[in-house]
>>> print(open('final-v7.cif').read())   # mmCIF, C-alpha atoms
data_data
loop_
_atom_site.label_atom_id
_atom_site.label_comp_id
_atom_site.auth_asym_id
_atom_site.auth_seq_id
_atom_site.Cartn_x
_atom_site.Cartn_y
_atom_site.Cartn_z
CA MET A 1 72.58 86.09 -44.36
CA ASP A 2 75.64 83.91 -44.24
CA HIS A 3 78.72 86.12 -43.98
CA ARG A 4 81.17 83.26 -44.12
CA ARG A 5 82.05 83.66 -47.75
CA GLY A 6 85.17 82.59 -49.45
CA VAL A 7 86.73 79.18 -49.13
CA TRP A 8 85.96 78.75 -45.45
CA GLY A 9 82.51 80.19 -45.72
CA ARG A 10 81.63 78.01 -48.68
CA HIS A 11 82.94 74.92 -46.82
CA ARG A 12 80.95 75.72 -43.68
CA VAL A 13 77.85 76.37 -45.71
CA ARG A 14 78.22 72.89 -47.27
CA LEU A 15 78.91 71.32 -43.87
CA ASP A 16 75.92 72.99 -42.33
CA SER A 17 73.82 71.78 -45.19
CA ILE A 18 75.14 68.23 -44.79
CA LEU A 19 74.58 68.22 -41.03
CA SER A 20 71.19 69.78 -41.40
CA ARG A 21 70.20 67.26 -44.02
CA ALA A 22 71.51 64.37 -41.90
CA MET A 23 69.57 65.65 -38.96
CA GLN A 24 66.54 65.99 -41.14
CA ILE A 25 66.89 62.42 -42.33
CA ARG A 26 67.31 61.18 -38.76
CA LEU A 27 64.27 63.10 -37.62
CA LEU A 28 62.36 61.74 -40.56
CA LEU A 29 63.34 58.17 -39.63
CA VAL A 30 62.53 58.71 -35.97
CA ALA A 31 59.19 60.22 -36.84
CA CYS A 32 58.38 57.27 -39.08
CA LEU A 33 59.09 54.93 -36.19
CA ILE A 34 57.45 56.87 -33.39
CA VAL A 35 54.32 58.28 -34.97
CA PRO A 36 52.58 54.97 -35.78
CA GLY A 37 53.28 53.76 -32.24
CA LEU A 38 51.91 56.92 -30.76
CA LEU A 39 48.83 56.78 -32.90
CA LEU A 40 48.24 53.17 -31.92
CA ALA A 41 48.58 53.81 -28.20
CA GLN A 42 44.85 54.02 -27.42
CA GLY A 43 44.87 52.52 -23.90
CA ASP A 44 43.12 49.14 -24.65
CA HIS A 45 43.64 46.47 -22.04
CA GLN A 46 42.17 43.14 -21.05
CA TRP A 47 41.41 41.24 -17.86
CA VAL A 48 40.95 37.54 -17.23
CA LEU A 49 38.87 35.92 -14.50
CA GLU A 50 41.45 34.30 -12.27
CA GLN A 51 39.11 32.77 -9.74
CA ALA A 52 35.37 32.87 -9.09
CA THR A 53 32.90 31.42 -6.62
CA LEU A 54 29.23 31.44 -7.55
CA THR A 55 26.68 30.32 -4.95
CA TYR A 56 22.95 29.95 -5.44
CA GLN A 57 20.55 29.61 -2.51
CA ALA A 58 17.27 27.73 -2.55
CA PHE A 59 14.79 28.02 0.31
CA HIS A 60 12.36 25.30 1.43
CA PRO A 61 10.49 25.01 4.74
CA LEU A 62 12.44 21.82 5.54
CA HIS A 63 15.70 22.65 3.83
CA GLN A 64 17.89 25.54 2.89
CA SER A 65 20.38 24.50 0.29
CA GLU A 66 23.28 26.13 -1.45
CA GLY A 67 24.99 25.11 -4.65
CA VAL A 68 28.53 26.30 -5.24
CA SER A 69 30.56 26.49 -8.45
CA HIS A 70 34.25 27.31 -8.78
CA THR A 71 34.59 26.68 -12.51
CA ALA A 72 33.49 29.98 -14.03
CA LYS A 73 35.54 31.45 -16.88
CA GLY A 74 35.60 35.10 -17.79
CA LYS A 75 37.25 37.80 -19.80
CA ALA A 76 36.99 41.58 -19.91
CA VAL A 77 38.02 43.78 -22.82
CA CYS A 78 38.44 47.46 -21.98
CA HIS A 79 38.28 50.06 -24.70
CA ALA A 80 37.51 53.78 -24.80
CA GLY A 81 36.69 53.95 -21.12
CA TRP A 82 34.38 50.93 -21.01
CA CYS A 83 34.97 47.27 -20.18
CA ASP A 84 32.90 44.50 -21.75
CA LEU A 85 32.75 41.46 -19.48
CA LEU A 86 31.77 37.93 -20.38
CA ILE A 87 31.45 35.22 -17.73
CA ALA A 88 30.37 31.64 -18.41
CA VAL A 89 29.82 28.81 -15.95
CA PRO A 90 28.52 25.26 -16.61
CA VAL A 91 25.16 24.53 -15.00
CA LYS A 92 26.32 21.09 -13.92
CA SER A 93 29.28 22.54 -12.01
CA PHE A 94 27.09 23.66 -9.11
CA ASP A 95 27.54 21.32 -6.16
CA SER A 96 25.06 21.35 -3.27
CA GLY A 97 26.56 18.32 -1.56
CA ASP A 98 23.68 16.11 -2.67
CA SER A 99 23.99 14.49 -6.08
CA ASN A 100 20.26 13.78 -6.27
CA ARG A 101 19.42 17.41 -5.61
CA ASP A 102 22.02 18.56 -8.15
CA LEU A 103 20.55 16.33 -10.86
CA HIS A 104 17.08 17.64 -10.09
CA MET A 105 18.44 21.18 -10.30
CA ILE A 106 19.99 20.47 -13.71
CA GLN A 107 16.71 19.00 -14.89
CA ALA A 108 14.60 21.88 -13.55
CA ALA A 109 16.98 24.44 -15.07
CA ARG A 110 17.01 22.59 -18.42
CA GLY A 111 20.76 22.26 -17.95
CA ALA A 112 21.11 19.33 -20.34
CA GLN A 113 19.67 21.45 -23.15
CA PHE A 114 21.24 24.75 -22.11
CA PRO A 115 24.45 23.72 -20.36
CA MET A 116 25.96 27.16 -19.74
CA VAL A 117 25.04 30.17 -17.66
CA ILE A 118 26.33 33.21 -19.57
CA VAL A 119 26.58 36.65 -18.04
CA ARG A 120 27.37 39.78 -20.05
CA THR A 121 27.83 43.25 -18.69
CA ARG A 122 29.56 46.52 -19.37
CA LEU A 123 31.37 48.51 -16.71
CA LEU A 124 33.13 51.85 -16.61
CA ASP A 125 36.88 51.46 -16.81
CA ASP A 126 37.36 53.26 -13.51
CA ALA A 127 40.85 53.47 -12.08
CA ALA A 128 39.60 54.06 -8.51
CA PRO A 129 40.73 51.13 -6.33
CA SER A 130 37.62 50.69 -4.16
CA THR A 131 34.22 51.49 -5.48
CA THR A 132 30.67 50.34 -5.51
CA LEU A 133 29.68 49.46 -9.04
CA HIS A 134 26.21 49.29 -10.46
CA ALA A 135 25.99 47.07 -13.48
CA ASP A 136 23.27 46.07 -15.91
CA LEU A 137 23.56 42.32 -16.35
CA GLU A 138 22.37 40.21 -19.23
CA ILE A 139 22.02 36.61 -18.04
CA GLN A 140 21.36 33.65 -20.31
CA PHE A 141 20.17 30.66 -18.30
CA ALA A 142 17.70 27.81 -18.79
CA GLY A 143 17.07 28.98 -22.34
CA GLN A 144 15.95 32.43 -21.23
CA THR A 145 17.68 35.82 -21.44
CA VAL A 146 16.96 38.13 -18.54
CA TRP A 147 18.22 41.64 -17.79
CA TYR A 148 18.95 42.78 -14.26
CA LYS A 149 19.38 46.53 -13.98
CA GLN A 150 21.73 48.35 -11.64
CA VAL A 151 22.93 45.35 -9.63
CA ALA A 152 25.33 46.56 -6.94
CA PHE A 153 28.82 45.10 -6.75
CA GLU A 154 31.70 45.96 -4.45
CA ARG A 155 35.11 46.30 -6.00
CA SER A 156 38.43 46.27 -4.23
CA ALA A 157 42.02 45.85 -5.34
CA GLN A 158 44.72 43.54 -4.01
CA GLY A 159 47.83 44.52 -5.89
CA SER A 160 47.07 44.10 -9.56
CA VAL A 161 44.08 41.80 -8.86
CA ALA A 162 40.64 43.34 -8.79
CA ARG A 163 38.05 41.66 -6.57
CA ILE A 164 34.40 42.09 -7.38
CA SER A 165 31.57 40.68 -5.26
CA GLY A 166 27.83 41.03 -5.15
CA THR A 167 24.48 39.27 -5.19
CA ILE A 168 22.25 38.86 -8.22
CA PRO A 169 18.56 38.90 -7.22
CA ALA A 170 17.53 36.04 -9.49
CA THR A 171 14.16 34.28 -9.27
CA LEU A 172 12.88 31.02 -10.71
CA SER A 173 10.02 32.76 -12.48
CA ASP A 174 12.45 35.09 -14.29
CA PHE A 175 13.84 32.06 -16.09
CA LYS A 176 10.51 30.22 -16.38
CA ILE A 177 11.69 27.42 -14.11
CA ASP A 178 9.04 25.31 -12.36
CA PRO A 179 9.93 25.36 -8.66
CA PRO A 180 11.22 21.97 -7.49
CA ARG A 181 9.19 20.33 -4.74
CA LEU A 182 9.99 18.28 -1.69
CA LEU A 183 7.11 16.44 0.00
CA SER A 184 4.85 18.33 -2.42
CA ILE A 185 6.00 21.70 -1.03
CA PRO A 186 7.74 23.95 -3.61
CA VAL A 187 10.93 25.90 -2.94
CA LYS A 188 10.70 29.68 -2.75
CA ASN A 189 10.79 31.67 -5.97
CA GLU A 190 13.82 33.73 -4.90
CA ILE A 191 17.18 32.12 -5.67
CA PRO A 192 19.79 34.82 -4.96
CA ILE A 193 23.18 34.16 -6.51
CA ARG A 194 26.23 35.32 -4.63
CA VAL A 195 29.20 36.14 -6.89
CA GLU A 196 32.81 36.56 -5.80
CA MET A 197 35.40 37.12 -8.51
CA SER A 198 39.10 37.90 -8.82
CA TRP A 199 40.25 39.54 -12.06
CA ARG A 200 43.82 40.10 -13.14
CA PRO A 201 45.11 42.14 -16.07
CA ILE A 202 46.68 40.43 -19.08
CA MET B 1 63.21 69.76 -47.03
CA ARG B 2 62.71 72.34 -44.32
CA SER B 3 59.00 72.55 -44.97
CA ALA B 4 58.84 68.74 -44.87
CA LEU B 5 60.63 68.81 -41.55
CA ARG B 6 58.15 71.35 -40.26
CA TRP B 7 55.28 69.08 -41.30
CA LEU B 8 56.94 66.16 -39.60
CA LEU B 9 57.41 68.11 -36.40
CA LEU B 10 53.78 69.15 -36.53
CA ILE B 11 52.69 65.53 -36.93
CA LEU B 12 54.96 64.53 -34.06
CA TYR B 13 53.47 67.21 -31.85
CA ILE B 14 49.91 66.12 -32.68
CA SER B 15 50.81 62.49 -31.95
CA ILE B 16 52.33 63.32 -28.58
CA PHE B 17 49.29 65.41 -27.76
CA SER B 18 46.99 62.50 -28.71
CA LEU B 19 49.00 60.14 -26.55
CA LEU B 20 48.67 62.44 -23.60
CA GLN B 21 44.97 62.68 -24.22
CA ALA B 22 44.64 58.87 -24.34
CA GLN B 23 46.51 58.44 -21.09
CA THR B 24 44.63 61.18 -19.23
CA PRO B 25 41.64 59.74 -17.34
CA LYS B 26 38.47 61.08 -18.77
CA THR B 27 34.82 60.51 -18.16
CA PRO B 28 33.42 58.52 -21.07
CA ASP B 29 30.08 59.32 -22.53
CA GLN B 30 27.81 57.32 -20.23
CA THR B 31 24.77 57.86 -22.35
CA SER B 32 26.22 56.26 -25.44
CA PRO B 33 28.96 53.69 -24.80
CA PRO B 34 30.86 52.48 -27.83
CA SER B 35 29.58 49.53 -29.82
CA ASP B 36 30.39 46.06 -28.47
CA ALA B 37 32.51 45.14 -31.47
CA LYS B 38 35.39 44.29 -29.12
CA ALA B 39 33.28 42.34 -26.59
CA PRO B 40 34.73 38.91 -25.72
CA SER B 41 33.08 35.73 -26.98
CA LEU B 42 32.74 32.21 -25.61
CA ALA B 43 35.59 31.15 -27.88
CA ASP B 44 37.81 33.68 -26.09
CA LEU B 45 37.07 31.78 -22.86
CA GLY B 46 38.12 28.49 -24.41
CA ILE B 47 34.53 27.22 -24.60
CA SER B 48 33.90 25.28 -27.77
CA PRO B 49 30.52 25.30 -29.56
CA ASP B 50 30.05 21.66 -28.48
CA GLN B 51 30.42 22.62 -24.84
CA ALA B 52 27.96 25.45 -25.19
CA GLN B 53 25.50 23.33 -27.15
CA GLY B 54 23.18 21.10 -25.15
CA SER B 55 21.20 18.02 -26.04
CA ALA B 56 17.43 17.86 -26.16
CA LYS B 57 17.68 14.08 -25.91
CA ASP B 58 19.65 14.30 -22.65
CA GLN B 59 17.11 16.77 -21.34
CA GLU B 60 14.27 14.35 -22.15
CA LYS B 61 16.07 11.64 -20.23
CA LEU B 62 16.50 13.94 -17.24
CA ASP B 63 12.85 14.94 -17.45
CA LYS B 64 11.76 11.28 -17.44
CA ARG B 65 14.06 10.57 -14.50
CA SER B 66 12.60 13.46 -12.52
CA ARG B 67 9.01 12.47 -13.35
CA MET B 68 9.60 8.91 -12.19
CA LEU B 69 11.37 9.96 -9.02
CA LEU B 70 8.55 12.39 -8.28
CA VAL B 71 6.06 9.52 -8.55
CA HIS B 72 8.39 7.45 -6.33
CA GLN B 73 8.38 10.24 -3.75
CA ARG B 74 4.59 10.59 -3.73
CA LEU B 75 3.90 6.86 -3.69
CA GLY B 76 6.42 6.46 -0.92
CA LEU B 77 4.52 8.96 1.20
CA ILE B 78 1.18 7.35 0.35
CA THR B 79 2.55 3.91 1.31
CA THR B 80 3.30 5.22 4.77
CA ALA B 81 -0.41 5.26 5.61
CA PRO B 82 -1.20 1.53 5.13
CA LEU B 83 2.20 0.67 6.61
CA ILE B 84 1.40 2.47 9.82
CA ALA B 85 -2.11 1.01 9.80
CA THR B 86 -0.67 -2.49 9.38
CA LEU B 87 1.64 -1.99 12.32
CA ILE B 88 -1.19 -0.65 14.45
CA THR B 89 -3.49 -3.57 13.63
CA SER B 90 -0.78 -6.12 14.43
CA GLY B 91 -2.08 -6.21 17.99
CA GLY B 92 -5.41 -7.63 16.81
CA ALA B 93 -3.68 -10.41 14.91
CA GLY B 94 -1.34 -11.66 17.58
CA ASP B 95 -1.40 -14.81 19.65
CA LYS B 96 -2.56 -13.18 22.84
CA ASN B 97 -5.34 -10.79 21.83
CA GLY B 98 -5.89 -11.70 18.21
CA ASP B 99 -8.90 -13.10 16.49
CA ALA B 100 -9.76 -14.12 12.95
CA SER B 101 -11.18 -10.77 11.90
CA GLY B 102 -8.16 -9.02 13.36
CA ARG B 103 -5.84 -11.28 11.45
CA LYS B 104 -7.77 -10.70 8.21
CA LEU B 105 -7.67 -6.94 8.63
CA HIS B 106 -3.95 -7.04 9.44
CA ALA B 107 -3.23 -9.31 6.49
CA SER B 108 -5.26 -7.16 4.10
CA LEU B 109 -3.51 -3.99 5.15
CA GLY B 110 -0.18 -5.81 4.87
CA GLY B 111 -1.03 -6.84 1.35
CA VAL B 112 -1.95 -3.29 0.36
CA THR B 113 1.28 -2.03 1.91
CA ALA B 114 3.35 -4.58 0.04
CA GLY B 115 1.66 -3.77 -3.26
CA LEU B 116 2.16 -0.03 -2.89
CA TYR B 117 5.71 -0.58 -1.71
CA LEU B 118 6.64 -2.62 -4.76
CA THR B 119 5.09 -0.03 -7.07
CA THR B 120 7.05 2.71 -5.27
CA ALA B 121 10.26 0.75 -5.62
CA TYR B 122 9.64 0.18 -9.34
CA PHE B 123 9.72 3.91 -10.07
CA ALA B 124 13.00 4.35 -8.23
CA ILE B 125 14.73 1.30 -9.68
CA PHE B 126 13.72 1.93 -13.28
CA ALA B 127 14.19 5.72 -13.35
CA PRO B 128 16.86 6.53 -15.99
CA LYS B 129 20.38 6.71 -14.63
CA VAL B 130 22.70 9.57 -15.55
CA ALA B 131 26.10 8.35 -16.69
CA GLY B 132 29.14 9.87 -15.05
CA THR B 133 27.46 10.79 -11.76
CA SER B 134 28.17 9.26 -8.38
CA ALA B 135 25.92 9.38 -5.35
CA ARG B 136 26.86 12.06 -2.83
CA GLY B 137 25.10 13.32 0.27
CA PRO B 138 21.90 12.08 2.02
CA ILE B 139 20.83 10.09 -1.02
CA ARG B 140 23.53 7.56 -0.12
CA LEU B 141 21.82 6.83 3.22
CA HIS B 142 18.45 6.68 1.47
CA ARG B 143 19.78 4.07 -0.95
CA ALA B 144 21.57 2.13 1.80
CA LEU B 145 18.36 1.85 3.85
CA ALA B 146 16.65 0.34 0.82
CA TRP B 147 18.81 -2.74 1.44
CA VAL B 148 17.09 -3.08 4.83
CA HIS B 149 13.45 -2.28 4.14
CA GLY B 150 13.54 -3.86 0.67
CA PRO B 151 14.31 -7.43 1.80
CA GLY B 152 12.20 -6.70 4.88
CA MET B 153 9.14 -6.00 2.75
CA ILE B 154 9.62 -9.37 1.07
CA ILE B 155 10.38 -11.45 4.14
CA THR B 156 7.72 -9.88 6.36
CA PRO B 157 4.68 -10.87 4.23
CA ILE B 158 6.14 -14.36 3.71
CA LEU B 159 6.56 -14.87 7.45
CA GLY B 160 3.17 -13.27 7.99
CA ALA B 161 1.53 -15.73 5.62
CA MET B 162 3.16 -18.63 7.47
CA ALA B 163 1.97 -17.26 10.80
CA TYR B 164 -1.54 -16.70 9.41
CA ARG B 165 -1.73 -20.33 8.21
CA GLN B 166 -0.52 -21.67 11.54
CA ARG B 167 -3.11 -19.65 13.44
CA SER B 168 -5.84 -20.61 10.99
CA ASP B 169 -4.89 -24.25 11.68
CA GLY B 170 -5.36 -23.60 15.37
CA GLU B 171 -1.66 -23.72 16.14
CA LYS B 172 0.43 -21.26 18.01
CA VAL B 173 2.81 -19.37 15.82
CA HIS B 174 6.08 -21.21 15.90
CA GLY B 175 9.36 -21.62 14.06
CA ILE B 176 10.61 -18.95 11.73
CA ALA B 177 7.12 -17.47 11.50
CA LYS B 178 7.69 -16.08 14.99
CA ALA B 179 10.15 -13.61 13.41
CA HIS B 180 7.30 -11.97 11.49
CA GLY B 181 6.78 -9.27 14.13
CA ALA B 182 10.44 -8.36 14.48
CA ALA B 183 10.94 -8.29 10.72
CA ALA B 184 7.92 -6.01 10.34
CA TRP B 185 9.10 -3.51 12.94
CA ILE B 186 12.65 -3.41 11.54
CA THR B 187 11.23 -2.87 8.07
CA GLY B 188 8.95 -0.10 9.32
CA VAL B 189 11.75 1.73 11.14
CA ALA B 190 14.09 1.49 8.15
CA TYR B 191 11.33 2.76 5.88
CA GLY B 192 10.68 5.76 8.11
CA ALA B 193 14.39 6.53 8.31
CA ALA B 194 14.65 6.39 4.52
CA ILE B 195 11.94 9.03 4.19
CA ALA B 196 13.54 11.18 6.86
CA SER B 197 16.99 10.95 5.26
CA VAL B 198 15.87 12.92 2.19
CA SER B 199 13.31 15.10 3.93
CA ILE B 200 15.08 16.51 6.93
CA ARG B 201 18.51 18.10 6.93
CA PHE B 202 20.49 16.55 9.78
#
>>> encode(input="final-v7.cif", output="structure tokens")
Amino acid sequence: MDHRRGVWGRHRVRLDSILSRAMQIRLLLVACLIVPGLLLAQGDHQWVLEQATLTYQAFHPLHQSEGVSHTAKGKAVCHAGWCDLLIAVPVKSFDSGDSNRDLHMIQAARGAQFPMVIVRTRLLDDAAPSTTLHADLEIQFAGQTVWYKQVAFERSAQGSVARISGTIPATLSDFKIDPPRLLSIPVKNEIPIRVEMSWRPI
Amino acid sequence: MRSALRWLLLILYISIFSLLQAQTPKTPDQTSPPSDAKAPSLADLGISPDQAQGSAKDQEKLDKRSRMLLVHQRLGLITTAPLIATLITSGGAGDKNGDASGRKLHASLGGVTAGLYLTTAYFAIFAPKVAGTSARGPIRLHRALAWVHGPGMIITPILGAMAYRQRSDGEKVHGIAKAHGAAAWITGVAYGAAIASVSIRF
């Protein structure tokens, strides 16, 4: 009960009302500004592939050859605790040091018809700096889509850059590729692909 | 107004609580990750549909190129046999120990070698070329040696025919025909080196 009656009391009651109302209006305005922002703050973030080296190995009794590509592009979108990764690399970007071998590789891998190797995967958005990841990979290559389950990758952090490396146990038969031959001897079916990537947040 | 303020404060409290929840690390549901509605696409990587789309026509050209070069490789190996035989039988065709039957055998084998050689060369020369590629690696040596054994395989039979006619006429081999032996051995060595250049990794 407000005991400040009379002239002074009535004045203070009006002042309190004015102040209270002003404060209410300010709070209302602040709430209108803050609440949408708070509601929108869901923790989404993205990563871009800064640098990548992909190396395939082919084994032949007379030769062991490696083809290296540095032109992969990638992006990761992280949402609700998961990160969706997409990596694409042109088939013709792999360089084994022998142009004739590279052209044969493109032909054998149907690279003129299917020019891109596309890798999709989903990883846990784990804040731990150094971990071993196990990822299910979907790889589109040579006109085929193949799943590789639980492929192990090592992750480490250098500042804000995350480095991920591992080996994909790919085979020619997985992608229905006829093994190239030298002196009528075919290369081995196993063509492991070594992957080294650097991701930075955007 | 006061009840409105209370509602606003309640909303503010819920929003702050939600923000704290979003920022707190939590283990996502690993059995049912969210849908991939936010997964990146090739367009996000700057890859246009044209870049991702291949050409069946280009693939056919590559396939033809590989088929022809495979025939070239096999014929080249097959040609080695009569070439070696021709070199071995050269002793029976010479001035010192040669006789007519020896010369005929040597000439016949030389003819077979030349015929197979030209057929082998045809498949290499007329295999489709891929625009925008330059020769790198051992294939450069293989192509360079063709400038030695190629002319050699033309000159050697010509000089051999001259020498054969001189001997058939009862003359000793003389003049430029005397270079037949040297031309043959140089051609043989260059041919063997050409095979080795793409077969063995030095």
>>> interface_residues(input="final-v7.cif", of="chain A", to="chain B", cutoff="6 Å", atoms="only C-alpha atoms", output="ChimeraX atom specification")
/A:38,42,81,84,97-99,107,112-115
>>> atom_distance(input="final-v7.cif", atom1="atom CA of Lys172 of chain B", atom2="atom CA of Val148 of chain B")
28.0 Å
>>> residues_near_point(input="final-v7.cif", point="(29.4, 26.4, -17.6)", cutoff="10 Å", atoms="all atoms listed in the file", output="PyMOL selection string")
(chain A and resi 69+71-73+87-94+111+114-118) or (chain B and resi 47+51-52)
>>> closest_residue(input="final-v7.cif", among="B:Ile125, B:Ala146, B:Ala184, B:Ile176", to="Ile88 of chain B", atoms="only C-alpha atoms")
B:Ala184
>>> residues_around(input="final-v7.cif", residues="Leu145 of chain B", least_positions_apart="5", cutoff="12 Å", atoms="all atoms listed in the file", output="NGL selection string")
:B and (138-140 or 150-152 or 186-198)
>>> resolve_selection(input="final-v7.cif", expression="the PyMOL selection byres ((chain B and resi 115-124) around 6)", output="ChimeraX atom specification")
/B:68-69,72,75-76,79,112-114,125-127
>>> resolve_selection(input="final-v7.cif", expression="the PyMOL selection byres ((chain A and resi 175) around 8)", output="tab-separated table (two decimals) with C-alpha atoms, keeping the file's coordinate frame")
chain	number	residue	atom	x	y	z
A	141	PHE	CA	20.17	30.66	-18.30
A	142	ALA	CA	17.70	27.81	-18.79
A	143	GLY	CA	17.07	28.98	-22.34
A	144	GLN	CA	15.95	32.43	-21.23
A	145	THR	CA	17.68	35.82	-21.44
A	146	VAL	CA	16.96	38.13	-18.54
A	171	THR	CA	14.16	34.28	-9.27
A	172	LEU	CA	12.88	31.02	-10.71
A	173	SER	CA	10.02	32.76	-12.48
A	174	ASP	CA	12.45	35.09	-14.29
A	176	LYS	CA	10.51	30.22	-16.38
A	177	ILE	CA	11.69	27.42	-14.11
>>> residues_around(input="final-v7.cif", residues="Val173 of chain B", least_positions_apart="2", cutoff="9 Å", atoms="only C-alpha atoms", output="PyMOL selection string")
chain B and resi 94-95+162-167+171+175-178
>>> closest_residue(input="final-v7.cif", among="A:Asn100, A:Gln150, A:Asn189, A:Gln24", to="His142 of chain B", atoms="all atoms listed in the file")
A:Asn100
>>> atom_distance(input="final-v7.cif", atom1="atom CA of Ala157 of chain A", atom2="atom CA of Asp95 of chain A")
28.5 Å
>>> closest_residue(input="final-v7.cif", among="A:Arg181, A:Arg120, A:Lys188, A:Arg163", to="Ala108 of chain A", atoms="all atoms listed in the file")
A:Arg181
>>> atom_distance(input="final-v7.cif", atom1="atom CA of Thr55 of chain A", atom2="atom CA of Lys129 of chain B")
26.3 Å
>>> resolve_selection(input="final-v7.cif", expression="the PyMOL selection byres ((chain A and resi 57-61) around 9)", output="list in words")
Thr55, Tyr56, Leu62, His63, Gln64, Ser65, Glu66, Gly67, Arg181, Leu182, Ile185, Pro186, Val187, Lys188, Asn189, Glu190, Ile191, Pro192, Ile193 and Arg194 of chain A
>>> build_atoms(input="final-v7.cif", residues="segment 62-78 of chain A", atoms="N, CA and C atoms", output="PDB file, keeping the file's coordinate frame")
ATOM      1  N   LEU A  62      11.656  22.851   4.838  1.00  0.00           N
ATOM      2  CA  LEU A  62      12.440  21.820   5.540  1.00  0.00           C
ATOM      3  C   LEU A  62      13.939  21.973   5.319  1.00  0.00           C
ATOM      4  N   HIS A  63      14.299  22.574   4.214  1.00  0.00           N
ATOM      5  CA  HIS A  63      15.700  22.650   3.830  1.00  0.00           C
ATOM      6  C   HIS A  63      16.047  24.033   3.325  1.00  0.00           C
ATOM      7  N   GLN A  64      17.283  24.463   3.659  1.00  0.00           N
ATOM      8  CA  GLN A  64      17.890  25.540   2.890  1.00  0.00           C
ATOM      9  C   GLN A  64      19.104  24.933   2.235  1.00  0.00           C
ATOM     10  N   SER A  65      19.233  25.121   0.955  1.00  0.00           N
ATOM     11  CA  SER A  65      20.380  24.500   0.290  1.00  0.00           C
ATOM     12  C   SER A  65      21.146  25.534  -0.509  1.00  0.00           C
ATOM     13  N   GLU A  66      22.403  25.262  -0.667  1.00  0.00           N
ATOM     14  CA  GLU A  66      23.280  26.130  -1.450  1.00  0.00           C
ATOM     15  C   GLU A  66      24.052  25.285  -2.454  1.00  0.00           C
ATOM     16  N   GLY A  67      24.161  25.776  -3.648  1.00  0.00           N
ATOM     17  CA  GLY A  67      24.990  25.110  -4.650  1.00  0.00           C
ATOM     18  C   GLY A  67      26.139  26.021  -5.021  1.00  0.00           C
ATOM     19  N   VAL A  68      27.337  25.482  -5.033  1.00  0.00           N
ATOM     20  CA  VAL A  68      28.530  26.300  -5.240  1.00  0.00           C
ATOM     21  C   VAL A  68      29.267  25.831  -6.493  1.00  0.00           C
ATOM     22  N   SER A  69      29.748  26.799  -7.266  1.00  0.00           N
ATOM     23  CA  SER A  69      30.560  26.490  -8.450  1.00  0.00           C
ATOM     24  C   SER A  69      31.841  27.301  -8.387  1.00  0.00           C
ATOM     25  N   HIS A  70      32.954  26.630  -8.734  1.00  0.00           N
ATOM     26  CA  HIS A  70      34.250  27.310  -8.780  1.00  0.00           C
ATOM     27  C   HIS A  70      34.834  27.277 -10.190  1.00  0.00           C
ATOM     28  N   THR A  71      34.022  26.917 -11.173  1.00  0.00           N
ATOM     29  CA  THR A  71      34.590  26.680 -12.510  1.00  0.00           C
ATOM     30  C   THR A  71      34.185  27.728 -13.529  1.00  0.00           C
ATOM     31  N   ALA A  72      33.848  28.925 -13.083  1.00  0.00           N
ATOM     32  CA  ALA A  72      33.490  29.980 -14.030  1.00  0.00           C
ATOM     33  C   ALA A  72      34.721  30.449 -14.804  1.00  0.00           C
ATOM     34  N   LYS A  73      34.487  30.840 -16.062  1.00  0.00           N
ATOM     35  CA  LYS A  73      35.540  31.450 -16.880  1.00  0.00           C
ATOM     36  C   LYS A  73      35.066  32.832 -17.296  1.00  0.00           C
ATOM     37  N   GLY A  74      36.018  33.752 -17.413  1.00  0.00           N
ATOM     38  CA  GLY A  74      35.600  35.100 -17.790  1.00  0.00           C
ATOM     39  C   GLY A  74      36.719  35.893 -18.428  1.00  0.00           C
ATOM     40  N   LYS A  75      36.281  36.895 -19.165  1.00  0.00           N
ATOM     41  CA  LYS A  75      37.250  37.800 -19.800  1.00  0.00           C
ATOM     42  C   LYS A  75      36.621  39.174 -19.913  1.00  0.00           C
ATOM     43  N   ALA A  76      37.449  40.197 -19.756  1.00  0.00           N
ATOM     44  CA  ALA A  76      36.990  41.580 -19.910  1.00  0.00           C
ATOM     45  C   ALA A  76      37.896  42.280 -20.911  1.00  0.00           C
ATOM     46  N   VAL A  77      37.275  42.979 -21.842  1.00  0.00           N
ATOM     47  CA  VAL A  77      38.020  43.780 -22.820  1.00  0.00           C
ATOM     48  C   VAL A  77      37.658  45.237 -22.595  1.00  0.00           C
ATOM     49  N   CYS A  78      38.677  46.045 -22.296  1.00  0.00           N
ATOM     50  CA  CYS A  78      38.440  47.460 -21.980  1.00  0.00           C
ATOM     51  C   CYS A  78      38.887  48.335 -23.147  1.00  0.00           C
TER      52      CYS A  78
END
